[in-house]
There are 2 protein chains.
Amino acid sequence: MARVVVDVMLKPEILDPQGKAVHGALPRLGFSGVTDVRQGKRFELEVESADEATLAEIEKMAETLLANTVIEDFVVRVEEQA
Amino acid sequence: MARVVVDVMLKPEILDPQGKAVHGALPRLGFSGVTDVRQGKRFELEVESADEATLAEIEKMAETLLANTVIEDFVVRVEEQA
């Protein structure tokens, strides 16, 4: 078994209201030193093996289902390879 | 500048309806070979430097604001260190 992670983040030029809300809340909770916060989605996919064909299929899954490629970028990476 | 990532995922024993919905949609879109899907949140925090004190503070931010530690686990890691 292997675990493939797909990280989906808003494109840098797209306003991130959730990230802004978290960033705005930090000083009220007594935290400082963070200049920006961006929030996105993380998908963990369990597959038989993270071979090339599987990774190509996951790229297609990310493009069609996991990310809205008009406003989001995604990164596919193998996290665990049993 | 440095980028610290906080990954927040539901604890394994907690049902993940979003992950189940994505997993259920894959065959309808012609994808196969994925045995499970879990969905969580990814936070990217920009900080001056990812020194020990800053990482300790980010752990506290994750505990109090970014994750609901009753149902979620989180992992803090440095992704870029300029």
# chains A, B, ... in the order shown; residues from 1 in each chain; ligands from 1

$ closest_atom_pairs --of "chain B" --to "chain A" --cutoff "6 Å" --atoms "only C-alpha atoms" --output "tab-separated table"
residue	atom	partner	partner_atom	distance
B:Val34	CA	A:Val47	CA	4.8
B:Thr35	CA	A:Glu46	CA	5.4
B:Asp36	CA	A:Glu46	CA	5.1
B:Val37	CA	A:Leu45	CA	4.6
B:Arg38	CA	A:Glu44	CA	5.1
B:Gln39	CA	A:Phe43	CA	4.6
B:Gly40	CA	A:Arg42	CA	4.9
B:Lys41	CA	A:Lys41	CA	4.6
B:Arg42	CA	A:Gly40	CA	5.0
B:Phe43	CA	A:Gln39	CA	4.6
B:Glu44	CA	A:Arg38	CA	5.1
B:Leu45	CA	A:Val37	CA	4.7
B:Glu46	CA	A:Asp36	CA	5.1
B:Val47	CA	A:Val34	CA	4.8

$ atom_distance --atom1 "atom CA of B:Leu10" --atom2 "atom CA of B:Leu55"
21.8 Å

$ closest_residue --among "B:Ala50, B:Ile14, B:Arg28, B:Lys20" --to "B:Glu79" --atoms "only C-alpha atoms"
B:Ala50

$ atom_distance --atom1 "atom CA of A:Gly24" --atom2 "atom CA of A:Phe74"
25.4 Å

$ closest_residue --among "B:Glu52, B:Ala62, B:Pro12, B:Gln18" --to "B:Val78" --atoms "only C-alpha atoms"
B:Glu52

$ select_by_dssp --residues "chain A" --states "strand (DSSP E or B)" --output "PyMOL selection string"
chain A and resi 2-10+34-47+72-81

$ write_last_selection --atoms "N, CA and C atoms" --output "tab-separated table (two decimals), in the first residue's frame"
chain	number	residue	atom	x	y	z
A	2	ALA	N	0.38	2.31	-0.59
A	2	ALA	CA	1.12	3.57	-0.59
A	2	ALA	C	0.13	4.71	-0.34
A	3	ARG	N	0.64	5.81	0.21
A	3	ARG	CA	-0.22	6.98	0.42
A	3	ARG	C	0.28	8.11	-0.47
A	4	VAL	N	-0.64	8.60	-1.30
A	4	VAL	CA	-0.33	9.73	-2.17
A	4	VAL	C	-1.12	10.93	-1.65
A	5	VAL	N	-0.43	12.07	-1.51
A	5	VAL	CA	-1.08	13.28	-0.99
A	5	VAL	C	-1.27	14.27	-2.13
A	6	VAL	N	-2.45	14.88	-2.19
A	6	VAL	CA	-2.73	15.96	-3.15
A	6	VAL	C	-3.02	17.21	-2.33
A	7	ASP	N	-2.15	18.19	-2.45
A	7	ASP	CA	-2.36	19.47	-1.77
A	7	ASP	C	-2.97	20.45	-2.76
A	8	VAL	N	-4.09	21.05	-2.38
A	8	VAL	CA	-4.81	21.99	-3.25
A	8	VAL	C	-4.83	23.35	-2.56
A	9	MET	N	-4.23	24.35	-3.20
A	9	MET	CA	-4.21	25.70	-2.62
A	9	MET	C	-4.76	26.69	-3.65
A	10	LEU	N	-5.37	27.78	-3.16
A	10	LEU	CA	-5.81	28.84	-4.07
A	10	LEU	C	-4.58	29.42	-4.77
A	34	VAL	N	3.51	36.02	12.50
A	34	VAL	CA	3.09	35.35	11.25
A	34	VAL	C	2.68	36.43	10.26
A	35	THR	N	3.38	36.51	9.11
A	35	THR	CA	3.10	37.62	8.18
A	35	THR	C	1.94	37.31	7.23
A	36	ASP	N	1.65	36.03	6.99
A	36	ASP	CA	0.50	35.70	6.12
A	36	ASP	C	0.07	34.26	6.40
A	37	VAL	N	-1.23	33.98	6.15
A	37	VAL	CA	-1.77	32.63	6.31
A	37	VAL	C	-2.60	32.31	5.07
A	38	ARG	N	-2.37	31.17	4.47
A	38	ARG	CA	-3.21	30.70	3.35
A	38	ARG	C	-3.79	29.34	3.76
A	39	GLN	N	-5.06	29.13	3.43
A	39	GLN	CA	-5.70	27.86	3.80
A	39	GLN	C	-6.11	27.12	2.53
A	40	GLY	N	-5.86	25.78	2.53
A	40	GLY	CA	-6.26	24.97	1.37
A	40	GLY	C	-6.71	23.61	1.82
A	41	LYS	N	-6.77	22.68	0.84
A	41	LYS	CA	-7.26	21.34	1.14
A	41	LYS	C	-6.12	20.33	0.99
A	42	ARG	N	-6.21	19.26	1.82
A	42	ARG	CA	-5.23	18.18	1.72
A	42	ARG	C	-6.01	16.87	1.54
A	43	PHE	N	-5.67	16.12	0.49
A	43	PHE	CA	-6.31	14.83	0.24
A	43	PHE	C	-5.26	13.74	0.43
A	44	GLU	N	-5.62	12.70	1.18
A	44	GLU	CA	-4.75	11.54	1.33
A	44	GLU	C	-5.41	10.37	0.61
A	45	LEU	N	-4.75	9.84	-0.42
A	45	LEU	CA	-5.31	8.74	-1.21
A	45	LEU	C	-4.50	7.48	-0.94
A	46	GLU	N	-5.20	6.41	-0.55
A	46	GLU	CA	-4.52	5.12	-0.33
A	46	GLU	C	-4.61	4.33	-1.63
A	47	VAL	N	-3.47	3.88	-2.14
A	47	VAL	CA	-3.43	3.12	-3.40
A	47	VAL	C	-2.58	1.86	-3.21
A	72	GLU	N	-7.45	27.29	-8.47
A	72	GLU	CA	-6.60	26.54	-7.55
A	72	GLU	C	-5.44	25.87	-8.27
A	73	ASP	N	-4.30	25.74	-7.55
A	73	ASP	CA	-3.17	24.94	-8.01
A	73	ASP	C	-3.15	23.67	-7.15
A	74	PHE	N	-2.57	22.59	-7.68
A	74	PHE	CA	-2.43	21.38	-6.85
A	74	PHE	C	-1.04	20.78	-7.03
A	75	VAL	N	-0.62	20.04	-5.99
A	75	VAL	CA	0.66	19.33	-6.02
A	75	VAL	C	0.39	17.89	-5.59
A	76	VAL	N	0.89	16.94	-6.39
A	76	VAL	CA	0.73	15.51	-6.08
A	76	VAL	C	2.09	14.98	-5.60
A	77	ARG	N	2.12	14.31	-4.45
A	77	ARG	CA	3.40	13.73	-4.01
A	77	ARG	C	3.15	12.43	-3.23
A	78	VAL	N	4.11	11.54	-3.30
A	78	VAL	CA	4.02	10.26	-2.60
A	78	VAL	C	4.52	10.49	-1.18
A	79	GLU	N	3.66	10.16	-0.21
A	79	GLU	CA	4.09	10.40	1.18
A	79	GLU	C	4.64	9.12	1.81
A	80	GLU	N	4.02	7.99	1.54
A	80	GLU	CA	4.47	6.72	2.10
A	80	GLU	C	4.43	5.67	1.01
A	81	GLN	N	5.50	4.86	0.95
A	81	GLN	CA	5.52	3.78	-0.05
A	81	GLN	C	5.82	2.51	0.72

$ select_by_dssp --residues "stretch 25-81 of chain A" --states "helix (DSSP H, G or I)" --output "PyMOL selection string"
chain A and resi 25-28+52-66
